[in-house]
Structure formats: C-alpha cells, structure tokens
>>> print(open('start-v1.cif').read())   # mmCIF, C-alpha atoms
data_work
#
loop_
_atom_site.label_atom_id
_atom_site.label_comp_id
_atom_site.auth_asym_id
_atom_site.auth_seq_id
_atom_site.Cartn_x
_atom_site.Cartn_y
_atom_site.Cartn_z
CA MET A 78 -6.02 82.05 25.36
CA ILE A 79 -6.65 85.63 24.26
CA GLY A 80 -4.83 88.33 22.31
CA THR A 81 -3.37 86.56 19.26
CA ARG A 82 -4.52 85.89 15.73
CA GLY A 83 -5.37 82.38 16.86
CA VAL A 84 -4.81 78.95 15.37
CA PRO A 85 -3.98 77.15 13.15
CA ALA A 86 -0.63 78.91 13.57
CA ARG A 87 0.20 80.62 10.29
CA TYR A 88 1.67 83.87 11.44
CA GLY A 89 4.10 84.29 14.33
CA GLY A 90 5.53 83.31 17.67
CA PHE A 91 2.44 83.91 19.79
CA GLU A 92 0.29 81.80 17.49
CA THR A 93 2.83 78.97 17.48
CA CYS A 94 2.96 79.10 21.27
CA VAL A 95 -0.83 78.95 21.53
CA GLU A 96 -0.96 75.97 19.19
CA GLU A 97 1.88 74.01 20.75
CA VAL A 98 0.93 74.66 24.36
CA GLY A 99 -2.83 74.47 23.78
CA ARG A 100 -2.72 71.10 22.05
CA ARG A 101 -0.61 69.65 24.83
CA LEU A 102 -2.91 71.00 27.53
CA VAL A 103 -5.81 69.31 25.74
CA GLU A 104 -3.87 66.05 25.70
CA ARG A 105 -3.46 66.41 29.47
CA GLY A 106 -7.21 66.67 29.96
CA HIS A 107 -7.76 70.44 30.06
CA ASP A 108 -10.46 72.29 28.13
CA VAL A 109 -8.78 74.99 26.04
CA THR A 110 -10.53 77.87 24.26
CA VAL A 111 -8.59 79.98 21.76
CA TYR A 112 -9.94 83.32 20.53
CA CYS A 113 -9.17 83.76 16.82
CA ARG A 114 -9.42 86.77 14.53
CA LYS A 115 -11.96 86.44 11.79
CA ALA A 116 -10.29 86.85 8.41
CA GLY A 117 -12.21 88.36 5.48
CA ALA A 118 -15.40 86.47 4.75
CA GLU A 119 -14.59 83.73 7.27
CA PRO A 120 -17.73 82.81 9.24
CA LEU A 121 -18.06 83.63 12.92
CA ALA A 122 -18.93 80.06 13.82
CA ALA A 123 -16.95 78.29 16.54
CA GLY A 124 -14.80 75.34 15.52
CA SER A 125 -11.98 73.20 16.84
CA HIS A 126 -8.34 72.56 16.07
CA LEU A 127 -6.20 69.82 17.64
CA GLY A 128 -8.80 69.50 20.38
CA MET A 129 -8.89 73.23 21.15
CA ARG A 130 -12.21 75.07 20.95
CA LEU A 131 -11.99 78.04 18.61
CA VAL A 132 -14.05 81.22 18.88
CA HIS A 133 -13.76 83.44 15.79
CA LEU A 134 -14.46 87.14 16.31
CA PRO A 135 -13.87 90.15 14.04
CA ALA A 136 -11.29 92.91 14.39
CA LEU A 137 -10.89 96.40 13.01
CA ARG A 138 -8.40 96.15 10.14
CA ARG A 139 -6.23 99.07 11.16
CA LYS A 140 -2.65 98.91 12.34
CA THR A 141 -3.42 100.74 15.57
CA LEU A 142 -6.65 98.96 16.44
CA GLU A 143 -6.56 95.39 15.19
CA THR A 144 -5.20 93.66 18.29
CA LEU A 145 -7.06 95.74 20.87
CA SER A 146 -10.44 95.63 19.09
CA HIS A 147 -10.30 91.85 18.80
CA THR A 148 -9.17 91.39 22.39
CA ALA A 149 -12.00 93.63 23.57
CA LEU A 150 -14.58 91.43 21.84
CA SER A 151 -12.84 88.32 23.16
CA ALA A 152 -12.90 89.61 26.73
CA LEU A 153 -16.60 90.50 26.42
CA HIS A 154 -17.31 87.00 25.12
CA ALA A 155 -15.39 85.61 28.09
CA LEU A 156 -17.77 87.46 30.41
CA ILE A 157 -20.58 85.31 29.04
CA ASP A 158 -18.50 82.15 28.83
CA PRO A 159 -15.93 82.46 31.63
CA ALA A 160 -12.91 80.21 32.09
CA ASP A 161 -10.98 79.06 35.14
CA VAL A 162 -7.96 81.06 33.98
CA ALA A 163 -7.16 83.38 31.06
CA ILE A 164 -3.76 83.70 29.40
CA VAL A 165 -3.52 87.08 27.66
CA PHE A 166 -0.75 87.53 25.11
CA ASN A 167 0.81 90.98 24.62
CA SER A 168 1.03 93.67 27.30
CA ALA A 169 -0.72 96.05 24.86
CA ASN A 170 -3.95 94.30 25.85
CA ALA A 171 -3.53 95.20 29.53
CA PRO A 172 -6.20 97.98 29.56
CA LEU A 173 -8.77 95.25 28.89
CA LEU A 174 -7.81 93.07 31.85
CA PRO A 175 -10.52 94.63 34.09
CA LEU A 176 -13.15 93.02 31.84
CA LEU A 177 -11.81 89.61 32.80
CA ARG A 178 -11.59 90.63 36.43
CA MET A 179 -15.32 91.42 36.40
CA ARG A 180 -15.91 87.65 36.42
CA ARG A 181 -13.00 87.12 38.83
CA THR A 182 -11.12 85.20 36.17
CA PRO A 183 -7.47 84.76 37.22
CA THR A 184 -5.34 86.31 34.50
CA ILE A 185 -1.80 85.65 33.29
CA THR A 186 -0.22 88.14 30.87
CA HIS A 187 2.57 87.17 28.49
CA VAL A 188 4.25 90.56 28.25
CA ASP A 189 6.22 89.97 25.00
CA GLY A 190 9.32 92.09 24.24
CA LEU A 191 10.11 95.79 24.57
CA GLU A 192 7.62 96.95 21.97
CA TRP A 193 7.85 100.59 23.04
CA LYS A 194 11.35 100.68 21.52
CA ARG A 195 10.03 100.17 17.99
CA ALA A 196 10.34 103.34 15.93
CA LYS A 197 7.15 102.60 13.99
CA TRP A 198 4.93 103.48 16.96
CA GLY A 199 6.19 107.02 17.40
CA ARG A 200 5.87 108.95 20.64
CA VAL A 201 2.19 108.20 21.22
CA GLY A 202 2.56 104.48 20.60
CA SER A 203 5.68 104.25 22.74
CA ARG A 204 3.92 106.03 25.60
CA TYR A 205 0.95 103.72 25.25
CA TYR A 206 3.11 100.61 25.45
CA ARG A 207 4.95 101.84 28.53
CA THR A 208 1.63 102.62 30.20
CA ALA A 209 0.28 99.20 29.21
CA GLU A 210 3.30 97.49 30.74
CA ALA A 211 2.54 99.17 34.07
CA LEU A 212 -1.12 98.18 33.83
CA ALA A 213 -0.16 94.57 33.07
CA VAL A 214 1.87 94.54 36.27
CA ARG A 215 -0.96 96.17 38.21
CA TRP A 216 -3.85 94.06 36.94
CA SER A 217 -2.40 90.60 36.18
CA ASP A 218 -2.25 87.71 38.62
CA ALA A 219 1.05 86.67 37.07
CA LEU A 220 3.35 87.72 34.24
CA ILE A 221 5.24 85.58 31.75
CA ALA A 222 8.59 86.73 30.36
CA ASP A 223 10.09 84.67 27.54
CA ALA A 224 13.68 85.79 28.21
CA VAL A 225 15.84 86.44 31.25
CA GLY A 226 16.52 89.90 29.87
CA ILE A 227 12.78 90.65 29.94
CA GLN A 228 12.60 89.33 33.50
CA ASP A 229 15.36 91.71 34.53
CA TYR A 230 13.64 94.64 32.79
CA TYR A 231 10.40 94.11 34.77
CA SER A 232 12.34 93.58 37.97
CA ASP A 233 14.36 96.77 37.49
CA ARG A 234 11.55 98.98 36.20
CA PHE A 235 8.57 97.73 38.21
CA ARG A 236 10.15 95.81 41.09
CA THR A 237 8.00 92.84 40.18
CA ASP A 238 8.58 89.17 39.58
CA THR A 239 7.80 87.36 36.33
CA ASP A 240 7.74 83.69 35.42
CA TYR A 241 10.39 82.84 32.85
CA ILE A 242 8.84 80.63 30.17
CA PRO A 243 10.55 80.71 26.76
CA TYR A 244 9.30 79.26 23.49
CA GLY A 245 9.98 75.75 22.29
CA ALA A 246 12.49 75.06 19.54
CA PRO A 247 11.39 72.63 16.82
CA VAL A 248 14.31 70.34 15.94
CA LEU A 249 13.64 69.69 12.27
CA GLY A 250 15.86 66.74 11.49
CA GLU A 251 15.93 65.67 7.85
CA VAL A 252 13.57 67.84 5.83
CA GLY A 253 15.16 67.39 2.41
CA ALA A 254 16.06 69.99 -0.18
CA ASP A 255 13.78 69.21 -3.13
CA ARG A 256 11.76 72.44 -2.74
CA LEU A 257 14.87 74.60 -3.16
CA ALA A 258 14.91 73.94 -6.91
CA GLU A 259 11.71 75.99 -7.22
CA LEU A 260 13.71 78.97 -5.96
CA ASP A 261 16.86 78.18 -7.96
CA LEU A 262 18.85 77.55 -4.77
CA LEU A 263 21.39 74.90 -3.74
CA PRO A 264 21.93 73.51 -0.21
CA HIS A 265 24.43 75.47 1.88
CA ARG A 266 25.02 77.91 -0.95
CA TYR A 267 22.89 80.85 0.22
CA HIS A 268 22.46 83.12 3.25
CA LEU A 269 18.98 83.51 4.74
CA VAL A 270 16.98 86.26 6.47
CA VAL A 271 13.47 85.62 7.80
CA ALA A 272 11.90 88.67 9.40
CA ARG A 273 9.08 91.16 9.37
CA PHE A 274 10.29 94.33 7.68
CA GLU A 275 10.79 96.65 10.62
CA PRO A 276 13.82 98.84 11.44
CA GLU A 277 14.43 97.06 14.76
CA ASN A 278 14.73 93.75 12.90
CA HIS A 279 17.61 95.25 10.88
CA VAL A 280 16.67 93.74 7.53
CA HIS A 281 18.28 96.78 5.90
CA LEU A 282 21.49 96.09 7.80
CA ALA A 283 21.47 92.45 6.65
CA VAL A 284 21.26 93.60 3.02
CA GLU A 285 23.86 96.34 3.51
CA GLY A 286 26.26 93.92 5.17
CA TYR A 287 25.85 91.40 2.39
CA LEU A 288 26.43 94.08 -0.25
CA ARG A 289 29.68 95.08 1.45
CA SER A 290 30.94 91.51 1.54
CA SER A 291 32.66 89.46 -1.13
CA ALA A 292 30.03 86.73 -0.79
CA ARG A 293 29.30 84.72 -3.92
CA HIS A 294 26.26 82.86 -2.60
CA PRO A 295 22.92 84.74 -2.80
CA LEU A 296 21.16 86.43 0.08
CA VAL A 297 17.57 85.18 0.37
CA VAL A 298 15.18 87.46 2.29
CA VAL A 299 11.82 86.07 3.44
CA GLY A 300 9.32 88.53 4.90
CA SER A 301 7.28 91.68 4.40
CA ALA A 302 5.18 94.11 6.42
CA PRO A 303 1.63 95.29 5.69
CA TYR A 304 2.13 98.69 7.33
CA ALA A 305 5.75 99.55 6.44
CA ASP A 306 5.78 100.82 2.86
CA GLU A 307 8.62 103.29 3.41
CA TYR A 308 10.91 100.75 5.06
CA THR A 309 10.03 98.08 2.49
CA SER A 310 10.91 100.54 -0.28
CA ARG A 311 14.27 101.18 1.36
CA ILE A 312 15.05 97.46 1.39
CA THR A 313 13.85 97.07 -2.20
CA ARG A 314 16.17 99.87 -3.34
CA LEU A 315 19.13 98.25 -1.58
CA ALA A 316 18.35 94.84 -3.05
CA ALA A 317 18.22 96.29 -6.57
CA ARG A 318 21.95 96.98 -6.36
CA ASN A 319 22.82 93.28 -6.60
CA PRO A 320 20.82 90.54 -8.37
CA ASN A 321 22.09 88.06 -5.78
CA VAL A 322 19.81 89.68 -3.20
CA ARG A 323 16.49 87.87 -3.61
CA LEU A 324 13.39 89.21 -1.90
CA LEU A 325 10.89 86.36 -1.72
CA GLY A 326 8.17 88.10 0.28
CA GLY A 327 6.20 85.87 2.62
CA VAL A 328 6.69 82.10 2.35
CA TRP A 329 3.60 80.46 3.82
CA ASP A 330 4.39 76.90 2.74
CA GLN A 331 5.86 75.53 5.98
CA ALA A 332 7.62 72.62 4.29
CA GLN A 333 9.44 74.95 1.91
CA LEU A 334 10.26 77.39 4.71
CA ASP A 335 11.70 74.56 6.81
CA GLN A 336 13.91 73.58 3.88
CA LEU A 337 15.09 77.17 3.52
CA TYR A 338 16.15 77.21 7.17
CA ALA A 339 17.73 73.76 7.14
CA ASN A 340 19.80 74.26 3.99
CA ALA A 341 21.07 77.81 4.55
CA LEU A 342 24.80 78.29 4.91
CA THR A 343 24.05 81.02 7.46
CA TYR A 344 20.92 82.47 8.99
CA ILE A 345 21.16 86.24 9.59
CA HIS A 346 19.09 87.33 12.59
CA GLY A 347 18.72 91.08 13.06
CA HIS A 348 15.98 91.20 15.71
CA SER A 349 16.88 93.46 18.60
CA VAL A 350 13.93 94.39 20.87
CA GLY A 351 12.11 91.12 21.48
CA GLY A 352 12.89 88.43 24.01
CA THR A 353 13.48 84.82 23.03
CA ASN A 354 12.70 84.91 19.32
CA PRO A 355 10.83 82.00 17.72
CA SER A 356 12.52 82.53 14.33
CA LEU A 357 15.91 82.26 15.98
CA LEU A 358 14.91 79.05 17.75
CA ARG A 359 13.58 77.61 14.49
CA ALA A 360 16.85 78.42 12.73
CA MET A 361 18.85 76.79 15.52
CA GLY A 362 16.60 73.73 15.44
CA ALA A 363 17.19 73.53 11.69
CA ALA A 364 20.97 73.49 12.35
CA ALA A 365 21.50 76.80 10.55
CA ALA A 366 24.68 78.57 11.63
CA THR A 367 23.54 81.95 12.88
CA SER A 368 24.93 85.48 12.68
CA ALA A 369 22.87 87.62 15.06
CA PHE A 370 22.57 91.29 15.96
CA ASP A 371 24.52 91.78 19.17
CA VAL A 372 21.96 92.24 21.93
CA ARG A 373 21.49 90.41 25.20
CA PHE A 374 18.45 88.43 24.08
CA ASN A 375 20.30 86.87 21.14
CA ARG A 376 23.43 86.08 23.16
CA GLU A 377 21.22 84.49 25.82
CA VAL A 378 19.85 81.99 23.31
CA LEU A 379 22.84 81.39 21.02
CA GLY A 380 25.64 81.35 23.56
CA SER A 381 28.98 80.24 22.14
CA PHE A 382 27.41 78.99 18.91
CA GLY A 383 26.53 82.45 17.64
CA ARG A 384 28.47 84.98 15.66
CA PHE A 385 27.46 88.58 16.36
CA PHE A 386 27.39 91.90 14.51
CA THR A 387 26.39 95.50 15.10
CA THR A 388 27.44 97.14 11.81
CA ALA A 389 27.28 96.31 8.12
CA GLY A 390 31.05 95.90 8.18
CA ASP A 391 30.80 93.32 10.97
CA LEU A 392 28.24 91.32 9.02
CA ALA A 393 30.22 91.54 5.78
CA ALA A 394 33.17 89.91 7.53
CA LEU A 395 30.93 87.16 8.93
CA CYS A 396 29.53 86.37 5.47
CA ASP A 397 33.04 86.19 4.03
CA ASP A 398 34.26 83.98 6.87
CA ALA A 399 31.33 81.59 6.42
CA GLU A 400 32.00 81.15 2.72
CA ALA A 401 35.75 80.81 3.27
CA ASP A 402 35.20 77.68 5.41
CA PRO A 403 31.75 76.30 4.63
CA ALA A 404 32.43 72.94 6.28
CA ALA A 405 33.20 74.59 9.63
CA THR A 406 30.13 76.82 9.25
CA VAL A 407 27.82 73.87 8.65
CA ARG A 408 29.40 72.01 11.56
CA ARG A 409 28.80 74.96 13.89
CA GLY A 410 25.14 74.93 12.98
CA ARG A 411 24.81 71.22 13.63
CA ASP A 412 26.64 71.42 16.96
CA GLN A 413 24.18 73.97 18.37
CA VAL A 414 21.17 71.62 18.13
CA ALA A 415 22.15 69.78 21.31
CA SER A 416 21.91 73.05 23.25
CA LEU A 417 18.17 73.27 22.57
CA ASN A 418 17.12 70.74 25.21
CA ARG A 419 16.18 73.73 27.40
CA TYR A 420 13.66 74.86 24.74
CA THR A 421 11.18 71.99 24.41
CA TRP A 422 7.44 72.47 23.96
CA ASP A 423 6.72 69.73 26.50
CA GLY A 424 8.77 71.61 29.08
CA VAL A 425 7.15 74.91 28.13
CA THR A 426 3.72 73.33 28.56
CA ASP A 427 4.72 72.02 31.99
CA ASP A 428 5.51 75.59 33.02
CA TYR A 429 2.25 77.01 31.63
CA GLU A 430 0.24 74.29 33.35
CA ARG A 431 1.94 74.80 36.71
CA LEU A 432 1.51 78.57 36.49
CA ALA A 433 -2.18 78.32 35.56
CA LEU A 434 -2.87 75.97 38.47
CA ARG A 435 -0.94 78.26 40.80
CA VAL A 436 -2.94 81.40 40.02
CA VAL A 437 -6.24 79.52 40.19
CA ARG A 438 -5.36 78.15 43.61
CA ALA A 439 -4.15 81.57 44.79
CA GLY A 440 -7.64 82.96 44.25
CA GLY A 441 -6.60 86.54 43.51
CA ARG A 442 -3.90 86.89 46.15
CA GLU A 443 -1.20 87.20 43.49
CA ARG A 444 -3.14 90.03 41.87
CA ALA A 445 -3.17 91.94 45.14
CA ALA A 446 0.57 91.46 45.46
CA ALA A 447 1.06 92.67 41.88
CA ARG A 448 -0.89 95.84 42.69
CA ARG A 449 1.30 96.55 45.66
CA ARG A 450 4.44 95.97 43.62
CA ALA A 451 3.23 98.25 40.83
CA GLY A 452 2.32 100.90 43.35
CA GLY A 453 5.89 100.91 44.59
CA SER A 454 7.55 100.93 41.19
CA GLY A 455 8.36 104.61 41.26
CA TRP A 456 6.77 105.18 37.83
CA LYS A 457 3.04 105.86 37.92
CA PRO A 458 1.59 106.88 34.56
CA TRP A 459 -1.88 106.91 36.05
CA LYS A 460 -0.80 109.90 38.17
CA ALA A 461 0.99 111.81 35.43
CA ARG A 462 -1.77 111.17 32.95
CA SER A 463 -5.09 109.39 33.36
CA VAL A 464 -5.34 105.82 32.20
CA GLY A 465 -8.39 106.79 30.18
CA ALA A 466 -6.38 109.41 28.31
CA ALA A 467 -3.60 106.92 27.65
CA VAL A 468 -6.04 104.40 26.22
CA ALA A 469 -7.66 107.08 24.10
CA ALA A 470 -4.26 107.74 22.50
CA THR A 471 -4.99 104.97 19.97
CA PRO A 472 -2.98 101.92 21.06
CA PRO A 473 -0.71 100.31 18.49
CA GLU A 474 -1.08 96.91 16.96
CA SER A 475 1.67 94.52 18.07
CA GLU A 476 3.29 92.56 15.25
CA GLU A 477 3.89 89.12 16.66
CA VAL A 478 6.50 88.16 14.05
CA ARG A 479 9.31 90.04 15.69
#
>>> encode(input="start-v1.cif", output="structure tokens")
Amino acid sequence: MIGTRGVPARYGGFETCVEEVGRRLVERGHDVTVYCRKAGAEPLAAGSHLGMRLVHLPALRRKTLETLSHTALSALHALIDPADVAIVFNSANAPLLPLLRMRRTPTITHVDGLEWKRAKWGRVGSRYYRTAEALAVRWSDALIADAVGIQDYYSDRFRTDTDYIPYGAPVLGEVGADRLAELDLLPHRYHLVVARFEPENHVHLAVEGYLRSSARHPLVVVGSAPYADEYTSRITRLAARNPNVRLLGGVWDQAQLDQLYANALTYIHGHSVGGTNPSLLRAMGAAAATSAFDVRFNREVLGSFGRFFTTAGDLAALCDDAEADPAATVRRGRDQVASLNRYTWDGVTDDYERLALRVVRAGGRERAAARRRAGGSGWKPWKARSVGAAVAATPPESEEVR
C-alpha cells in the first residue's frame, strides 16, 4: 500500500482505509506492506503495526512535493522488494506507476476525489491533477472510486470503468461524554465542524451561517491547515465576531474526538469535491444529525437523513430548526445509523481482496484494456503537452483530510 502517510492512522481517510483494510487482509493470511512517511527524527527502520509490515521513508516537506517525493522513494524500494500487487492511493501519484510496472507489479489506483477543483492548487496544480487522472487510467490495472459520483466522472470523461469501493463507517455506540467538560461543552448543546481549512470544505460558510442564525449553542470547529494561512486568517476573523464560535485546532485524542461527534446536536459538513467522505461517515456512525453542503456526493451518503445547504442563509435556518426541536434532531441522527450497513470495513476489505486477486490473475490484461480506453477518451494531455513537461510543473500535495 503506497501513497499515504502510513499507519498508525492519525491523519485522514486514506490512512484509516489502509489501517482498517490492511489489518483485515493480514487476518485473512495475506502479507501486507505499508509505506509510511518518516516524521522528523523518526528512524528509517522497518516495523510492524497490527500485523502489517511498515517501511518508513523520508519525504520533502513542501506542500507541492511531499506526497510525490515519498511515493517515488516507495516505488523505488518496491523495485527491490516487489509485491504481488500494489495499491496506490491518490491519482496524483500516477506519473510514478511506470516504476512499479518495471517489475510487472499489477497496480490498482485509488483515484480519490476531484482534487483539480480545489482553488489552492491554482492553474498549474489543476492541470497537473487532470493530467495525472488520465495517466492513472492509462497505466493502472484497475481503478477504485469511493463514490458513485466519482465512477460516473471517470466513465464520462475517460470512458473507463472503475470499481466502486467506499470507506467503512465506524458505528461508535456509547462513548460517554466525560471529556466534554475539558472543553466546557454539554451533550447535544453545540454544533460541530470537523474539517481541514480549505475553501472547498466551506468552513468559512459554516461560521458565516452560524453567525447569521439565532443559535444559542456554541459552534465548535475542529481542524486547521499547514499551508493555508490566508484562509485560516479569514476563518479566525469571522470567529472573533462571536465568542460562541470556538476554534479548537486539531484534536488528535481519538477518544475525545469521538465524544465530540457523538454528543453534537448537529454536525455541519461543508466538503464539496471529494467522494465518500470519511468524516461524514464517522459523524453518521456517531449518530450526529448532519447538515451538509448540497452536492451529489453528500446526498449519495446521507440520503433522506441529511439536511442540505448551499448558502449561509440556508445553514442559519438549519441551525435554528435544530435548536427549536432538539429531540427530533437527536432522533434523526440516531435513525441514520441503521443505513450504514452498506459501509462496513469487513465488506470494504472483501472488495479490496477480490479486486487484488482479480488483477493478479489477469496478468496485465486489464492494464492493456485501460490503455485502450484512455486512448479513446477524447482528451489526450500527452499530445497537447508532453507528460514530462506536466510532471515538471511541480505536482501538488494531496491533503487526505478532505
């Protein structure tokens, strides 16, 4: 498993997927290697976690180079120590797939969401991502899409098939509320946002909507971004207008974070360009009634249990409605948990295992089919501009917490 920060999972959706799927594959008798980014003074020695073999390698600590530099080293290591199949997370890593093909390693790419839509990358980053998507189609034996909307995008744009495999949803059950006192919060008497500070996650809109409402309960915002000073400053300025807006920064204590999800009156989910979002699934599994930005991906997951907004005014009304009938709001959150039986990590692992066995048995035939499909997609960046030039355009770092 290549292309993430690795395990133990402390960061985002990709890492959680690697941990949950990897541990289950080990339990089923498979040997699993996970490539992990070396942090700070952490040694380069290999280790293990939940039966998975860990290989720690360094990365360039720059927004535009961190993911790709680490994946490059991981792919080179895999040349020396090849596997039966490689699962590469993030289509941004697609230019490195030929390294794996040098050892004829069947390769599956988890393409992630529509990263090229994120404003933070600018024109060069957006162009890189769109080129990388085409290369993932061209050079992968199979593609994983975590949402039906992502499947449809690849079908429409590249005329190619993907395997739909979402994330699992942890159903939290009783997690208590004792850690809320540390934050001066009471159960079901606050609204919650958990998100990386990026414009497409609409954290600013969550704060603006709350400020327009008549809500009495505080808005608790969990998250930050290492490369988004301007956007973070914008959110900080908005929050300063009302002391009930509490910016907690990152909360890395999982027990406390679970309690924040499970005891929120509403969870406000502003993510708009990803597929099936792990934070949304966690909120649903914690029985948190959810108000989500109105895009296909969020409607696909929430269905009739969601409440949706596109403007600050929409969200203000949702906050007021939730506080006007808190019992009905809590009940809505609890009712949605039964809908999560389609998002189980055991089922997700079944799909990963079947797909891995399929591409190994195909022996490269799926890759040939993918090349033909990409060649007929009607959009050929390698003709308009050389692949080498596109790669030289400094690829962006994908932020897995979407």
>>> axis_aligned_box(input="start-v1.cif", around="region 135-149 of chain A", padding_each_side="5 Å", output="lines of an AutoDock Vina configuration file")
center_x = -8.3
center_y = 95.4
center_z = 16.9
size_x = 21.2
size_y = 20.6
size_z = 23.4
>>> resolve_selection(input="start-v1.cif", expression="the PyMOL selection byres ((chain A and resi 400-414) around 12)", output="tab-separated table (two decimals) with C-alpha atoms, in the coordinates of the input")
chain	number	residue	atom	x	y	z
A	246	ALA	CA	12.49	75.06	19.54
A	247	PRO	CA	11.39	72.63	16.82
A	248	VAL	CA	14.31	70.34	15.94
A	249	LEU	CA	13.64	69.69	12.27
A	250	GLY	CA	15.86	66.74	11.49
A	251	GLU	CA	15.93	65.67	7.85
A	264	PRO	CA	21.93	73.51	-0.21
A	265	HIS	CA	24.43	75.47	1.88
A	266	ARG	CA	25.02	77.91	-0.95
A	267	TYR	CA	22.89	80.85	0.22
A	268	HIS	CA	22.46	83.12	3.25
A	287	TYR	CA	25.85	91.40	2.39
A	290	SER	CA	30.94	91.51	1.54
A	291	SER	CA	32.66	89.46	-1.13
A	292	ALA	CA	30.03	86.73	-0.79
A	293	ARG	CA	29.30	84.72	-3.92
A	294	HIS	CA	26.26	82.86	-2.60
A	295	PRO	CA	22.92	84.74	-2.80
A	338	TYR	CA	16.15	77.21	7.17
A	339	ALA	CA	17.73	73.76	7.14
A	340	ASN	CA	19.80	74.26	3.99
A	341	ALA	CA	21.07	77.81	4.55
A	342	LEU	CA	24.80	78.29	4.91
A	343	THR	CA	24.05	81.02	7.46
A	344	TYR	CA	20.92	82.47	8.99
A	357	LEU	CA	15.91	82.26	15.98
A	358	LEU	CA	14.91	79.05	17.75
A	359	ARG	CA	13.58	77.61	14.49
A	360	ALA	CA	16.85	78.42	12.73
A	361	MET	CA	18.85	76.79	15.52
A	362	GLY	CA	16.60	73.73	15.44
A	363	ALA	CA	17.19	73.53	11.69
A	364	ALA	CA	20.97	73.49	12.35
A	365	ALA	CA	21.50	76.80	10.55
A	366	ALA	CA	24.68	78.57	11.63
A	367	THR	CA	23.54	81.95	12.88
A	368	SER	CA	24.93	85.48	12.68
A	378	VAL	CA	19.85	81.99	23.31
A	379	LEU	CA	22.84	81.39	21.02
A	380	GLY	CA	25.64	81.35	23.56
A	381	SER	CA	28.98	80.24	22.14
A	382	PHE	CA	27.41	78.99	18.91
A	383	GLY	CA	26.53	82.45	17.64
A	384	ARG	CA	28.47	84.98	15.66
A	393	ALA	CA	30.22	91.54	5.78
A	394	ALA	CA	33.17	89.91	7.53
A	395	LEU	CA	30.93	87.16	8.93
A	396	CYS	CA	29.53	86.37	5.47
A	397	ASP	CA	33.04	86.19	4.03
A	398	ASP	CA	34.26	83.98	6.87
A	399	ALA	CA	31.33	81.59	6.42
A	415	ALA	CA	22.15	69.78	21.31
A	416	SER	CA	21.91	73.05	23.25
A	417	LEU	CA	18.17	73.27	22.57
A	418	ASN	CA	17.12	70.74	25.21
A	419	ARG	CA	16.18	73.73	27.40
A	420	TYR	CA	13.66	74.86	24.74
A	421	THR	CA	11.18	71.99	24.41
>>> residues_around(input="start-v1.cif", residues="Arg178 (chain A)", least_positions_apart="6", cutoff="12 Å", atoms="all atoms listed in the file", output="compact mmCIF listing (two decimals) with C-alpha atoms, in the frame of the given file")
# COMPACT_ATOMS: atom_id res chain seq x y z
CA ALA A 152 -12.90 89.61 26.73
CA LEU A 153 -16.60 90.50 26.42
CA ALA A 155 -15.39 85.61 28.09
CA LEU A 156 -17.77 87.46 30.41
CA PRO A 159 -15.93 82.46 31.63
CA ALA A 160 -12.91 80.21 32.09
CA ASP A 161 -10.98 79.06 35.14
CA VAL A 162 -7.96 81.06 33.98
CA ALA A 163 -7.16 83.38 31.06
CA ALA A 171 -3.53 95.20 29.53
CA PRO A 172 -6.20 97.98 29.56
CA THR A 184 -5.34 86.31 34.50
CA ILE A 185 -1.80 85.65 33.29
CA TRP A 216 -3.85 94.06 36.94
CA SER A 217 -2.40 90.60 36.18
CA ASP A 218 -2.25 87.71 38.62
CA GLY A 440 -7.64 82.96 44.25
CA GLY A 441 -6.60 86.54 43.51
CA ARG A 444 -3.14 90.03 41.87
>>> atom_distance(input="start-v1.cif", atom1="CA of Val425 (chain A)", atom2="CA of Gly83 (chain A)")
18.4 Å
>>> residues_around(input="start-v1.cif", residues="Glu210 (chain A)", least_positions_apart="3", cutoff="8 Å", atoms="all atoms listed in the file", output="list in words")
Ser168, Ala169, Ala171, Val188, Tyr206, Arg207, Ala213 and Val214 of chain A
>>> write_last_selection(input="start-v1.cif", atoms="C-alpha atoms", output="JSON list (two decimals), in the frame of the given file")
[["chain", "number", "residue", "atom", "x", "y", "z"],
["A", 168, "SER", "CA", 1.03, 93.67, 27.30],
["A", 169, "ALA", "CA", -0.72, 96.05, 24.86],
["A", 171, "ALA", "CA", -3.53, 95.20, 29.53],
["A", 188, "VAL", "CA", 4.25, 90.56, 28.25],
["A", 206, "TYR", "CA", 3.11, 100.61, 25.45],
["A", 207, "ARG", "CA", 4.95, 101.84, 28.53],
["A", 213, "ALA", "CA", -0.16, 94.57, 33.07],
["A", 214, "VAL", "CA", 1.87, 94.54, 36.27]]
>>> resolve_selection(input="start-v1.cif", expression="the PyMOL selection byres ((chain A and resi 125-140) around 6)", output="compact mmCIF listing (two decimals) with C-alpha atoms, keeping the file's coordinate frame")
# COMPACT_ATOMS: atom_id res chain seq x y z
CA ARG A 100 -2.72 71.10 22.05
CA VAL A 109 -8.78 74.99 26.04
CA THR A 110 -10.53 77.87 24.26
CA VAL A 111 -8.59 79.98 21.76
CA TYR A 112 -9.94 83.32 20.53
CA CYS A 113 -9.17 83.76 16.82
CA ARG A 114 -9.42 86.77 14.53
CA LYS A 115 -11.96 86.44 11.79
CA LEU A 121 -18.06 83.63 12.92
CA ALA A 123 -16.95 78.29 16.54
CA GLY A 124 -14.80 75.34 15.52
CA THR A 141 -3.42 100.74 15.57
CA LEU A 142 -6.65 98.96 16.44
CA GLU A 143 -6.56 95.39 15.19
CA SER A 146 -10.44 95.63 19.09
CA HIS A 147 -10.30 91.85 18.80
CA GLU A 474 -1.08 96.91 16.96
>>> closest_residue(input="start-v1.cif", among="A:Ser301, A:Thr93, A:Thr239, A:Gln228", to="Val270 (chain A)", atoms="only C-alpha atoms")
A:Ser301
>>> atom_distance(input="start-v1.cif", atom1="CA of Leu262 (chain A)", atom2="CA of Gly245 (chain A)")
28.5 Å
